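Just below is one structure, and these are the notes that go with it.
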Amino acid sequence: MSASDFRKKQLIQLLDENAVMSINELSEILKVSLPTIRRDLEDLEQKGLIKRSWGKASLCKEENTSTIPMASVRADSHWIEKRAIASCALKLIQEGDSIILDSGTTTMALANQLTAGFKNLTVVTNSLLAINALTDNNFSVQCSGGSLERRNMCFVGTEAENFFRSIHVSKAFIGTTSMRIPMGFSTFSPFQGAVKRLMMNAADKVYYLMDSSKINAHAISKVADFDEVDAIITDKPFTEDIEEFLKKHKVNFIYA
């Protein structure tokens with residue numbers, strides 16, 4: 001993949017998770033010049049993927065049924081790694097557990113695998129995609145409700161937040177846009193970030209599921225510090241300095 005194609009992929013992801021962004025913001029996050037960002041956005045606009053207006057850019061809405069929802073597009077990215085991570089996370093779940101699944105694409109991979117491994121689970125989520133994956137079984141499935149964030153097919157806002165304040169589960173499986181040392185875990189959407197934090201508070205154990213592309217990725221809304229997480233499940237070994245940092249902060253890490 002060329003540098004230009006990789007940058008355009010990052011642009012799509014940024015706009016997917018943050019709805020509308022200014023050209024200046026995109027330039028600053030991706031560390032490239034404004035003319036470069038404008039050329040990339042012009043190309044994406046010509047392909048019908050984004051639209052530009054008054055120095056800002058956003059993804060085109062799924063008005064055409066042939067357009068694939070962006071959450072599904074992201075699920076296809078690094079799908080081999082995500083399936084491996086989900087298989088590893090599956091081993092942490094026991095029959096009869098109550099668990100939270102957030103709206104990330106790696107947790108979606110876990111939802112798809114749950115149906116083959118268990119008969120008696122309580123699954124709590126804010127993800128419409130997870131709900132859809134879990135319909136053909138006898139699990140107890142609870143959904144938060146709230147305001148629908150269409151790009152990510154999940155519920156956010158006051159109703160979703162109040163829902164997660166009111167429950168308690170044994171384990172939460174959370175996805176992330178970014179993991180940075182020493183900052184912690186972040187996402188682009190502050191609305192999703194607020195829900196993720198409450199999901200963590202509602203669980204006895206918190207597991208972060210992330211493929212290695214999330215290391216040092218850019219995201220603007222902090223969700224959690226490292227000492228709030230019990231374990232990280234990822235596809236590739238961390239560098240030695242990251243491993244030492246995690247050990248110091250008593251965070252377990254599991255390689256899928």
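Chain labels follow the order of the structure tokens: the first chain is A, the next B, and so on; residue numbering restarts at 1 in every chain, and ligands are counted from 1 in their shown order.
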
Checklist entry - Where does DSSP see helix (DSSP H, G or I) in range 91-252 of chain A, if you list the residues as a PyMOL selection string? => result chain A and resi 105-117+128-133+158-165+190-201+212-214+226-228+240-248

Writer output for current selection, C-alpha atoms, as a PDB file, in the first residue's frame:
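Contents of the output file part_10.pdb:
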ATOM      1  CA  THR A 105     -15.109  -4.288  15.481  1.00  0.00           C
ATOM      2  CA  THR A 106     -12.842  -6.635  17.448  1.00  0.00           C
ATOM      3  CA  THR A 107     -15.534  -7.106  20.095  1.00  0.00           C
ATOM      4  CA  MET A 108     -17.900  -7.743  17.194  1.00  0.00           C
ATOM      5  CA  ALA A 109     -15.624 -10.616  16.166  1.00  0.00           C
ATOM      6  CA  LEU A 110     -15.982 -11.933  19.714  1.00  0.00           C
ATOM      7  CA  ALA A 111     -19.783 -11.700  19.509  1.00  0.00           C
ATOM      8  CA  ASN A 112     -19.696 -13.823  16.355  1.00  0.00           C
ATOM      9  CA  GLN A 113     -17.717 -16.523  18.159  1.00  0.00           C
ATOM     10  CA  LEU A 114     -19.810 -16.624  21.325  1.00  0.00           C
ATOM     11  CA  THR A 115     -22.662 -18.498  19.697  1.00  0.00           C
ATOM     12  CA  ALA A 116     -20.517 -21.546  18.938  1.00  0.00           C
ATOM     13  CA  GLY A 117     -18.984 -21.831  22.394  1.00  0.00           C
ATOM     14  CA  LEU A 128     -26.630  -3.068  17.050  1.00  0.00           C
ATOM     15  CA  LEU A 129     -24.198  -5.294  15.154  1.00  0.00           C
ATOM     16  CA  ALA A 130     -23.569  -7.390  18.264  1.00  0.00           C
ATOM     17  CA  ILE A 131     -27.311  -7.658  18.893  1.00  0.00           C
ATOM     18  CA  ASN A 132     -27.779  -8.916  15.347  1.00  0.00           C
ATOM     19  CA  ALA A 133     -24.994 -11.492  15.764  1.00  0.00           C
ATOM     20  CA  THR A 158     -27.554  10.086  28.291  1.00  0.00           C
ATOM     21  CA  GLU A 159     -29.865   7.067  28.071  1.00  0.00           C
ATOM     22  CA  ALA A 160     -26.995   4.717  27.216  1.00  0.00           C
ATOM     23  CA  GLU A 161     -24.832   6.192  29.971  1.00  0.00           C
ATOM     24  CA  ASN A 162     -27.572   5.851  32.604  1.00  0.00           C
ATOM     25  CA  PHE A 163     -28.140   2.262  31.543  1.00  0.00           C
ATOM     26  CA  PHE A 164     -24.518   1.268  32.155  1.00  0.00           C
ATOM     27  CA  ARG A 165     -24.510   3.115  35.475  1.00  0.00           C
ATOM     28  CA  PRO A 190     -16.255  11.574  23.131  1.00  0.00           C
ATOM     29  CA  PHE A 191     -19.765  10.122  23.196  1.00  0.00           C
ATOM     30  CA  GLN A 192     -18.427   6.594  22.761  1.00  0.00           C
ATOM     31  CA  GLY A 193     -15.684   7.368  25.245  1.00  0.00           C
ATOM     32  CA  ALA A 194     -18.201   8.270  27.941  1.00  0.00           C
ATOM     33  CA  VAL A 195     -20.071   4.993  27.412  1.00  0.00           C
ATOM     34  CA  LYS A 196     -16.854   2.943  27.412  1.00  0.00           C
ATOM     35  CA  ARG A 197     -15.817   4.426  30.766  1.00  0.00           C
ATOM     36  CA  LEU A 198     -19.149   3.468  32.317  1.00  0.00           C
ATOM     37  CA  MET A 199     -18.895  -0.027  30.844  1.00  0.00           C
ATOM     38  CA  MET A 200     -15.550  -0.409  32.591  1.00  0.00           C
ATOM     39  CA  ASN A 201     -16.981   0.829  35.895  1.00  0.00           C
ATOM     40  CA  SER A 212      -1.374  -3.945  16.790  1.00  0.00           C
ATOM     41  CA  SER A 213      -2.352  -1.151  14.374  1.00  0.00           C
ATOM     42  CA  LYS A 214      -3.863   0.701  17.361  1.00  0.00           C
ATOM     43  CA  PHE A 226      -3.513   1.606  32.137  1.00  0.00           C
ATOM     44  CA  ASP A 227      -4.119   0.905  35.825  1.00  0.00           C
ATOM     45  CA  GLU A 228      -7.866   0.682  35.102  1.00  0.00           C
ATOM     46  CA  GLU A 240      10.269  -4.397  25.200  1.00  0.00           C
ATOM     47  CA  ASP A 241       9.676  -0.868  26.512  1.00  0.00           C
ATOM     48  CA  ILE A 242       5.891  -1.281  26.294  1.00  0.00           C
ATOM     49  CA  GLU A 243       6.061  -4.654  28.041  1.00  0.00           C
ATOM     50  CA  GLU A 244       8.132  -3.150  30.855  1.00  0.00           C
ATOM     51  CA  PHE A 245       5.687  -0.260  31.223  1.00  0.00           C
ATOM     52  CA  LEU A 246       2.709  -2.630  31.401  1.00  0.00           C
ATOM     53  CA  LYS A 247       4.418  -4.845  33.959  1.00  0.00           C
ATOM     54  CA  LYS A 248       5.204  -1.797  36.074  1.00  0.00           C
TER      55      LYS A 248
END

Can I get the residues of range 93-133 of chain A within 6 Å of range 169-173 of chain A, each with the closest pair of atoms and their distance in Å to one decimal, using only C-alpha atoms, sorted chain first then ascending number, as a Markdown table?
| residue | atom | partner | partner_atom | distance |
| --- | --- | --- | --- | --- |
| A:Ser98 | CA | A:Val169 | CA | 5.1 |
| A:Ile99 | CA | A:Lys171 | CA | 4.8 |
| A:Ile100 | CA | A:Ala172 | CA | 4.5 |
| A:Leu101 | CA | A:Phe173 | CA | 5.2 |

Item to check | Distance criterion (only C-alpha atoms): nearest to Glu28 in chain A out of A:Ala219, A:Asn137, A:Thr177, A:Ser189 | outcome: A:Ala219

Item to check | Filtered DSSP result for range 29-255 of chain A, state strand (DSSP E or B), as a ChimeraX atom specification | outcome: /A:50-53,56-59,98-101,122-125,127,140-143,147-149,154-156,169-175,178-180,184-187,203-209,215,221-224,231-234,252-255

Let me see the file: selected residues, C-alpha atoms, as a CSV table (one decimal), in the first residue's frame.
chain,number,residue,atom,x,y,z
A,50,ILE,CA,-16.6,11.9,1.4
A,51,LYS,CA,-18.0,15.4,1.0
A,52,ARG,CA,-16.4,18.8,1.6
A,53,SER,CA,-17.9,22.0,2.7
A,56,LYS,CA,-14.6,20.7,6.7
A,57,ALA,CA,-15.0,17.1,5.5
A,58,SER,CA,-17.4,14.3,6.4
A,59,LEU,CA,-18.2,10.8,5.1
A,98,SER,CA,-22.4,-11.9,32.5
A,99,ILE,CA,-20.4,-9.8,30.1
A,100,ILE,CA,-20.3,-6.4,28.4
A,101,LEU,CA,-19.4,-6.1,24.7
A,122,THR,CA,-25.9,-12.7,29.8
A,123,VAL,CA,-24.5,-10.3,27.2
A,124,VAL,CA,-24.9,-6.5,27.6
A,125,THR,CA,-24.1,-4.2,24.8
A,127,SER,CA,-23.9,-2.3,19.6
A,140,SER,CA,-30.0,-13.3,27.7
A,141,VAL,CA,-29.1,-10.2,25.6
A,142,GLN,CA,-29.6,-6.6,26.9
A,143,CYS,CA,-29.1,-3.5,24.8
A,147,SER,CA,-29.1,7.9,20.5
A,148,LEU,CA,-28.0,5.9,17.5
A,149,GLU,CA,-24.5,6.7,16.2
A,154,CYS,CA,-24.1,1.8,18.4
A,155,PHE,CA,-26.1,3.7,21.1
A,156,VAL,CA,-24.6,6.6,23.0
A,169,VAL,CA,-21.3,-7.7,35.2
A,170,SER,CA,-18.3,-10.0,35.7
A,171,LYS,CA,-16.3,-9.0,32.6
A,172,ALA,CA,-16.2,-6.2,30.1
A,173,PHE,CA,-14.5,-6.5,26.6
A,174,ILE,CA,-13.7,-3.1,25.2
A,175,GLY,CA,-12.2,-2.1,21.9
A,178,SER,CA,-5.6,4.1,20.2
A,179,MET,CA,-3.2,2.8,22.9
A,180,ARG,CA,-0.3,5.2,23.7
A,184,GLY,CA,-3.6,5.1,27.9
A,185,PHE,CA,-6.6,4.3,25.7
A,186,SER,CA,-8.4,6.8,23.5
A,187,THR,CA,-11.1,7.0,20.9
A,203,ALA,CA,-17.4,-4.8,35.4
A,204,ASP,CA,-15.3,-6.7,37.8
A,205,LYS,CA,-12.7,-7.4,35.1
A,206,VAL,CA,-11.8,-5.2,32.1
A,207,TYR,CA,-10.2,-6.6,29.0
A,208,TYR,CA,-9.1,-4.4,26.1
A,209,LEU,CA,-9.1,-6.1,22.7
A,215,ILE,CA,-0.5,1.2,19.1
A,221,SER,CA,-10.8,11.5,23.5
A,222,LYS,CA,-9.2,9.6,26.4
A,223,VAL,CA,-11.1,6.7,27.8
A,224,ALA,CA,-8.9,4.9,30.4
A,231,ALA,CA,-5.4,-7.2,30.6
A,232,ILE,CA,-4.8,-6.4,27.0
A,233,ILE,CA,-5.3,-9.0,24.2
A,234,THR,CA,-3.5,-8.2,21.0
A,252,ASN,CA,-1.4,-8.3,32.0
A,253,PHE,CA,-0.9,-8.8,28.2
A,254,ILE,CA,-2.0,-11.8,26.2
A,255,TYR,CA,-0.7,-12.5,22.7

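Taking CA of Asp40 in chain A as the reference point, CA of Trp54 in chain A is found at 16.2 Å.
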
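Between CA of Lys31 in chain A and CA of Asn152 in chain A there is a distance of 25.5 Å.
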
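CA of Ser166 in chain A lies 8.0 Å from CA of Ala202 in chain A.
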